[in-house]
$ cat final-v7.cif   # mmCIF, C-alpha atoms
data_structure
#
loop_
_atom_site.label_atom_id
_atom_site.label_comp_id
_atom_site.auth_asym_id
_atom_site.auth_seq_id
_atom_site.Cartn_x
_atom_site.Cartn_y
_atom_site.Cartn_z
CA MET A 1 123.72 75.04 96.18
CA ALA A 2 124.75 77.85 98.48
CA THR A 3 125.36 76.96 102.12
CA TYR A 4 124.95 79.38 104.97
CA ASP A 5 125.63 79.36 108.66
CA ASP A 6 123.88 81.65 111.09
CA GLU A 7 126.84 83.98 111.37
CA ARG A 8 126.99 84.48 107.62
CA ILE A 9 123.26 85.07 107.40
CA GLY A 10 123.61 87.70 110.13
CA GLU A 11 126.39 89.43 108.19
CA LEU A 12 124.28 89.50 105.07
CA LEU A 13 121.26 90.87 106.91
CA ARG A 14 123.48 93.63 108.30
CA ALA A 15 124.64 94.45 104.76
CA LEU A 16 121.24 95.88 103.85
CA PRO A 17 120.25 98.49 106.42
CA PRO A 18 117.14 100.53 105.64
CA ALA A 19 117.54 103.56 103.42
CA PRO A 20 116.71 106.88 105.10
CA THR A 21 112.95 107.18 105.53
CA GLY A 22 112.79 110.52 103.73
CA TRP A 23 114.48 109.08 100.65
CA VAL A 24 112.06 106.18 100.50
CA GLU A 25 109.03 108.43 100.97
CA ALA A 26 110.23 110.81 98.26
CA ALA A 27 110.60 107.92 95.83
CA GLN A 28 107.17 106.60 96.76
CA GLU A 29 105.67 110.00 95.97
CA LEU A 30 106.86 109.83 92.38
CA PRO A 31 103.42 108.96 90.94
CA LEU A 32 101.99 112.10 92.58
CA VAL A 33 104.91 114.19 91.38
CA ARG A 34 104.50 112.81 87.89
CA GLY A 35 100.78 113.59 87.96
CA SER A 36 101.49 117.17 88.97
CA LEU A 37 104.06 117.53 86.20
CA ASP A 38 101.76 116.06 83.57
CA ALA A 39 98.94 118.41 84.58
CA ILE A 40 101.14 121.50 84.19
CA VAL A 41 102.62 120.31 80.90
CA ALA A 42 99.17 119.48 79.52
CA ARG A 43 97.95 122.95 80.38
CA ALA A 44 101.04 124.54 78.85
CA GLU A 45 100.43 122.64 75.64
CA ALA A 46 96.80 123.75 75.49
CA ASP A 47 97.27 127.35 76.66
CA VAL A 48 99.72 129.42 74.63
CA ALA A 49 99.74 132.35 77.08
CA PHE A 50 100.51 130.06 80.00
CA ARG A 51 103.30 128.41 78.04
CA GLN A 52 104.82 131.77 77.15
CA ALA A 53 104.59 132.84 80.79
CA LEU A 54 106.39 129.65 81.84
CA VAL A 55 109.18 130.28 79.36
CA ALA A 56 109.52 133.92 80.44
CA ASP A 57 109.52 133.32 84.18
CA LEU A 58 108.72 129.82 85.31
CA ASP A 59 108.58 130.40 89.05
CA SER A 60 106.36 133.48 88.80
CA ALA A 61 104.02 131.89 86.25
CA LEU A 62 103.50 128.85 88.45
CA ALA A 63 102.98 130.93 91.59
CA LEU A 64 100.53 133.19 89.80
CA GLU A 65 98.42 130.20 88.83
CA GLY A 66 98.55 128.71 92.32
CA TYR A 67 100.86 125.81 91.51
CA GLU A 68 103.24 124.74 94.26
CA PRO A 69 105.25 121.98 92.60
CA ASP A 70 108.06 120.28 94.44
CA ARG A 71 111.70 120.59 93.42
CA ARG A 72 111.64 117.59 91.08
CA VAL A 73 108.71 119.01 89.11
CA LEU A 74 110.37 122.42 88.97
CA ASP A 75 113.61 120.93 87.71
CA GLU A 76 111.80 119.01 84.99
CA LEU A 77 109.74 122.05 83.97
CA LYS A 78 112.89 124.16 83.77
CA ARG A 79 114.51 121.54 81.61
CA ARG A 80 111.53 121.40 79.28
CA PHE A 81 110.61 125.04 79.03
CA SER A 82 114.02 126.59 79.03
CA ALA A 83 114.78 124.47 75.98
CA SER A 84 111.63 125.46 74.09
CA MET B 1 104.27 93.58 106.11
CA SER B 2 101.82 93.92 103.22
CA GLN B 3 100.41 91.15 101.05
CA LEU B 4 102.08 92.85 98.13
CA SER B 5 105.42 91.78 99.56
CA ALA B 6 104.53 88.21 98.53
CA LEU B 7 104.18 89.17 94.86
CA SER B 8 106.88 88.23 92.39
CA ASP B 9 108.77 91.06 90.72
CA ALA B 10 106.88 90.40 87.48
CA GLU B 11 103.51 90.62 89.22
CA LEU B 12 104.59 93.79 90.95
CA VAL B 13 105.68 95.37 87.67
CA GLN B 14 102.34 94.52 86.10
CA ARG B 15 100.46 96.16 88.96
CA CYS B 16 102.67 99.24 88.79
CA ARG B 17 101.98 99.52 85.08
CA ALA B 18 98.26 99.33 85.84
CA GLY B 19 98.70 102.43 88.02
CA SER B 20 98.62 100.91 91.50
CA THR B 21 100.33 103.29 93.91
CA ASP B 22 100.38 100.53 96.54
CA ALA B 23 102.37 98.38 94.13
CA TRP B 24 104.74 101.25 93.46
CA ASN B 25 105.22 101.76 97.20
CA GLU B 26 106.07 98.09 97.53
CA LEU B 27 108.50 98.23 94.62
CA VAL B 28 110.34 101.14 96.25
CA GLU B 29 110.28 99.40 99.62
CA ARG B 30 111.57 96.16 98.09
CA PHE B 31 114.54 97.72 96.30
CA SER B 32 115.32 100.76 98.47
CA ARG B 33 117.83 98.96 100.68
CA TYR B 34 119.56 97.44 97.70
CA VAL B 35 119.90 100.75 95.84
CA TYR B 36 120.99 102.48 99.04
CA ALA B 37 123.64 99.84 99.74
CA VAL B 38 125.03 99.93 96.20
CA CYS B 39 125.35 103.73 96.39
CA THR B 40 126.81 104.04 99.86
CA ARG B 41 128.58 100.78 100.59
CA GLY B 42 129.45 99.70 97.07
CA PHE B 43 130.41 102.96 95.39
CA ARG B 44 130.94 104.88 98.65
CA LEU B 45 129.12 107.95 97.39
CA SER B 46 128.63 110.87 99.75
CA GLU B 47 125.18 111.15 101.35
CA ASP B 48 124.20 113.95 98.96
CA ASP B 49 125.37 112.11 95.85
CA ALA B 50 123.83 108.87 97.08
CA GLU B 51 120.48 110.58 97.61
CA ASP B 52 120.60 112.07 94.11
CA VAL B 53 121.37 108.68 92.56
CA PHE B 54 118.75 106.96 94.73
CA GLN B 55 116.03 109.34 93.54
CA GLU B 56 117.21 109.19 89.94
CA VAL B 57 117.11 105.39 89.95
CA PHE B 58 113.49 105.30 91.07
CA THR B 59 112.52 108.18 88.78
CA ARG B 60 113.89 106.26 85.80
CA VAL B 61 112.29 103.02 86.91
CA PHE B 62 108.95 104.79 87.25
CA THR B 63 109.30 106.59 83.93
CA HIS B 64 110.62 103.66 81.91
CA LEU B 65 108.76 100.75 83.47
CA ASP B 66 106.84 100.34 80.21
CA THR B 67 110.07 99.67 78.33
CA LEU B 68 111.07 96.68 80.47
CA ARG B 69 110.81 93.73 78.10
CA ASN B 70 110.94 90.97 80.70
CA ASP B 71 108.96 91.85 83.81
CA ALA B 72 110.85 89.27 85.83
CA ALA B 73 114.10 91.06 85.04
CA LEU B 74 113.31 93.99 87.31
CA ARG B 75 116.12 93.20 89.72
CA PRO B 76 118.98 93.04 87.19
CA TRP B 77 117.57 96.13 85.48
CA ILE B 78 117.58 98.13 88.72
CA ALA B 79 121.01 96.76 89.57
CA GLN B 80 122.46 97.82 86.23
CA LEU B 81 120.77 101.21 86.36
CA THR B 82 122.02 101.91 89.87
CA ARG B 83 125.59 100.96 89.01
CA ARG B 84 125.57 103.07 85.87
CA LEU B 85 124.20 106.12 87.68
CA CYS B 86 126.74 105.69 90.49
CA LEU B 87 129.54 105.65 87.94
CA ASP B 88 128.07 108.73 86.24
CA SER B 89 127.95 110.47 89.60
CA ILE B 90 131.59 109.65 90.32
CA GLN B 91 132.70 110.83 86.87
CA LYS B 92 130.66 114.00 87.18
CA GLY B 93 132.18 114.73 90.56
CA GLY B 94 135.67 114.03 89.30
CA ARG B 95 136.43 111.90 92.34
CA GLU B 96 140.12 111.19 92.54
CA GLN B 97 141.25 107.60 92.56
CA ALA B 98 144.89 107.13 93.37
CA SER B 99 144.77 103.45 92.54
CA ALA B 100 141.79 102.29 90.54
CA GLU B 101 142.54 98.57 90.46
CA PRO B 102 142.25 97.70 94.17
CA LEU B 103 139.15 99.88 94.32
CA ALA B 104 137.63 97.96 91.44
CA GLU B 105 138.36 94.70 93.26
CA ASP B 106 136.80 96.00 96.46
CA LEU B 107 133.84 97.26 94.50
CA ALA B 108 133.25 93.92 92.82
CA ALA B 109 133.41 92.11 96.16
CA ASP B 110 131.08 94.59 97.84
CA LEU B 111 128.56 94.46 95.01
CA GLU B 112 128.64 90.66 95.09
CA GLU B 113 127.96 90.69 98.81
CA ILE B 114 125.12 93.20 98.39
CA ASP B 115 123.56 90.94 95.74
CA GLU B 116 123.87 87.96 98.08
CA ALA B 117 122.36 90.01 100.90
CA PHE B 118 119.42 90.86 98.67
CA THR B 119 118.86 87.17 98.02
CA VAL B 120 118.78 86.57 101.78
CA ARG B 121 116.22 89.34 102.20
CA GLU B 122 114.11 87.79 99.47
CA ALA B 123 114.20 84.49 101.34
CA MET B 124 112.97 86.33 104.43
CA THR B 125 109.62 86.91 102.74
CA SER B 126 108.80 83.25 103.43
CA LEU B 127 109.15 83.75 107.21
CA SER B 128 106.45 84.83 109.62
CA ASP B 129 106.01 88.55 110.20
CA ALA B 130 107.32 88.08 113.75
CA CYS B 131 110.53 86.50 112.46
CA LYS B 132 111.02 89.13 109.77
CA GLU B 133 110.54 91.87 112.33
CA ILE B 134 112.93 90.55 114.94
CA LEU B 135 115.68 89.66 112.44
CA ASP B 136 115.40 93.03 110.74
CA ARG B 137 115.50 94.94 114.01
CA PHE B 138 118.45 93.01 115.41
CA PHE B 139 120.65 92.74 112.33
CA ALA B 140 119.72 95.41 109.78
CA ARG B 141 118.59 98.09 112.23
CA ASP B 142 121.20 97.16 114.84
CA GLN B 143 118.73 97.42 117.71
CA SER B 144 119.62 96.12 121.15
CA TYR B 145 117.75 93.34 122.95
CA ARG B 146 116.39 96.00 125.27
CA THR B 147 115.00 98.16 122.46
CA ILE B 148 113.49 95.15 120.72
CA SER B 149 111.98 93.99 123.99
CA GLU B 150 110.42 97.37 124.69
CA GLU B 151 109.16 98.05 121.17
CA LEU B 152 107.78 94.57 120.50
CA ASP B 153 106.65 94.02 124.08
CA ILE B 154 108.37 90.66 124.46
CA PRO B 155 110.57 89.51 127.36
CA SER B 156 114.20 90.38 126.71
CA GLY B 157 115.26 86.95 127.99
CA THR B 158 113.52 85.27 125.05
CA ILE B 159 114.96 87.44 122.28
CA ALA B 160 118.18 85.50 121.72
CA SER B 161 116.30 82.22 121.39
CA ARG B 162 113.72 83.81 119.06
CA ILE B 163 116.50 85.17 116.86
CA ALA B 164 118.19 81.77 116.80
CA ARG B 165 114.93 80.05 115.80
CA CYS B 166 114.24 82.60 113.07
CA LEU B 167 117.79 82.35 111.74
CA SER B 168 117.41 78.60 111.60
CA LYS B 169 114.20 78.91 109.58
CA LEU B 170 115.86 81.38 107.25
CA ARG B 171 118.84 79.08 106.78
CA ILE B 172 116.56 76.19 105.90
CA GLU B 173 114.71 78.40 103.43
CA LEU B 174 117.98 79.53 101.83
CA GLU B 175 119.38 76.04 101.59
CA GLY B 176 116.14 74.83 100.07
CA ARG B 177 116.67 77.08 97.13
CA SER B 178 118.43 75.21 94.37
CA GLU B 179 120.24 78.28 93.08
CA PRO B 180 120.35 81.99 93.85
CA PRO B 181 117.35 83.76 92.28
CA ASP B 182 119.42 86.03 90.12
CA VAL B 183 116.73 87.15 87.73
CA SER B 184 113.32 86.59 89.21
CA ARG B 185 111.70 86.04 92.56
CA LYS B 186 109.63 83.07 91.38
#

$ encode --input "final-v7.cif" --output "structure tokens"
Amino acid sequence: MATYDDERIGELLRALPPAPTGWVEAAQELPLVRGSLDAIVARAEADVAFRQALVADLDSALALEGYEPDRRVLDELKRRFSAS
Amino acid sequence: MSQLSALSDAELVQRCRAGSTDAWNELVERFSRYVYAVCTRGFRLSEDDAEDVFQEVFTRVFTHLDTLRNDAALRPWIAQLTRRLCLDSIQKGGREQASAEPLAEDLAADLEEIDEAFTVREAMTSLSDACKEILDRFFARDQSYRTISEELDIPSGTIASRIARCLSKLRIELEGRSEPPDVSRK
């Protein structure tokens, strides 16, 4: 059984400071980000013209259709559609 | 402090799989300090690299949560994933290491301490919200008695004794655990 004194507990509590708020919030937004990505990918799979536009010029195609995805979605889209 | 914080890791995973964004928020909250500490204190990544690894860890957890065979094994899974991505980041960056062996020893000791610290934080969930708050502010957030007094609206003269009482409760909770909860919270 582990034994602790108050000083040691204090040291261990100090060892885990909070992560920067922005990092935590960005990670918590992942379900929203994923939803946005899935919506764009689903449309690209169903709409040949949209898919071709994404492959030709991803940023312009998204802007033209009113999408404003965040950087993580853009990175993933670039990875998927530049390879296709 | 939300009620979700009382859930075991396995229960939390099940709720995340069911699509609960509140559960996902709790999962990130629960492991964010651990992942952050492994990146910055353990592997000593730069802020930029640490942020990249931090986001990649949670992206992979979110994406691959369905592949976790044992829901109670969330903690070791995240630990392993974080360490692997930190190593990848170091290799990608080509960080120079004049002497790898002492660094490896330091790393092992730091990671062991971070794991132990995580166990202490888990034990904190059994304390009252008031105790969790004051211990977190004083130790993890390094706030002064004055700041704690002002923000929690309690007399500064009572803070030391409150901290001592809360530490005592936490020590009792820790010593009541037969062994460190290495794999699951319950």

$ closest_residue --input "final-v7.cif" --among "A:Ala61, A:Leu74, A:Ala53, A:Ile9" --to "chain B" --atoms "all atoms listed in the file"
A:Ile9

$ resolve_selection --input "final-v7.cif" --expression "the PyMOL selection byres ((chain B) within 8 of (chain A))" --output "PyMOL selection string"
chain B and resi 21+24-25+28-29+32-34+36-37+51+54-55+58-59+62+113-114+116-118+120-121+135-136+139-142+167-168+171+174-175+177-180

$ resolve_selection --input "final-v7.cif" --expression "the PyMOL selection byres ((chain B and resi 89) around 9)" --output "PDB file with C-alpha atoms, in the coordinates of the input"
ATOM      1  CA  LEU B  45     129.120 107.950  97.390  1.00  0.00           C
ATOM      2  CA  ASP B  49     125.370 112.110  95.850  1.00  0.00           C
ATOM      3  CA  ALA B  50     123.830 108.870  97.080  1.00  0.00           C
ATOM      4  CA  ASP B  52     120.600 112.070  94.110  1.00  0.00           C
ATOM      5  CA  VAL B  53     121.370 108.680  92.560  1.00  0.00           C
ATOM      6  CA  ARG B  84     125.570 103.070  85.870  1.00  0.00           C
ATOM      7  CA  LEU B  85     124.200 106.120  87.680  1.00  0.00           C
ATOM      8  CA  CYS B  86     126.740 105.690  90.490  1.00  0.00           C
ATOM      9  CA  LEU B  87     129.540 105.650  87.940  1.00  0.00           C
ATOM     10  CA  ASP B  88     128.070 108.730  86.240  1.00  0.00           C
ATOM     11  CA  ILE B  90     131.590 109.650  90.320  1.00  0.00           C
ATOM     12  CA  GLN B  91     132.700 110.830  86.870  1.00  0.00           C
ATOM     13  CA  LYS B  92     130.660 114.000  87.180  1.00  0.00           C
ATOM     14  CA  GLY B  93     132.180 114.730  90.560  1.00  0.00           C
ATOM     15  CA  GLY B  94     135.670 114.030  89.300  1.00  0.00           C
TER      16      GLY B  94
END

$ atom_distance --input "final-v7.cif" --atom1 "atom CA of Ala164 of chain B" --atom2 "atom CA of Thr147 of chain B"
17.6 Å

$ residues_near_point --input "final-v7.cif" --point "(113.9, 91.9, 122.9)" --cutoff "10 Å" --atoms "only C-alpha atoms" --output "list of chain:residue names"
B:Ile134, B:Arg137, B:Phe138, B:Gln143, B:Ser144, B:Tyr145, B:Arg146, B:Thr147, B:Ile148, B:Ser149, B:Glu150, B:Glu151, B:Leu152, B:Asp153, B:Ile154, B:Pro155, B:Ser156, B:Gly157, B:Thr158, B:Ile159, B:Ala160, B:Arg162, B:Ile163

$ residues_around --input "final-v7.cif" --residues "Ala6 of chain B" --least-positions-apart "2" --cutoff "12 Å" --atoms "only C-alpha atoms" --output "list in words"
Met1, Ser2, Gln3, Leu4, Ser8, Asp9, Ala10, Glu11, Leu12, Ala23, Glu26, Leu27, Arg30, Glu122, Ala123, Met124, Thr125, Ser126, Leu127, Ser128, Asp129, Arg185 and Lys186 of chain B
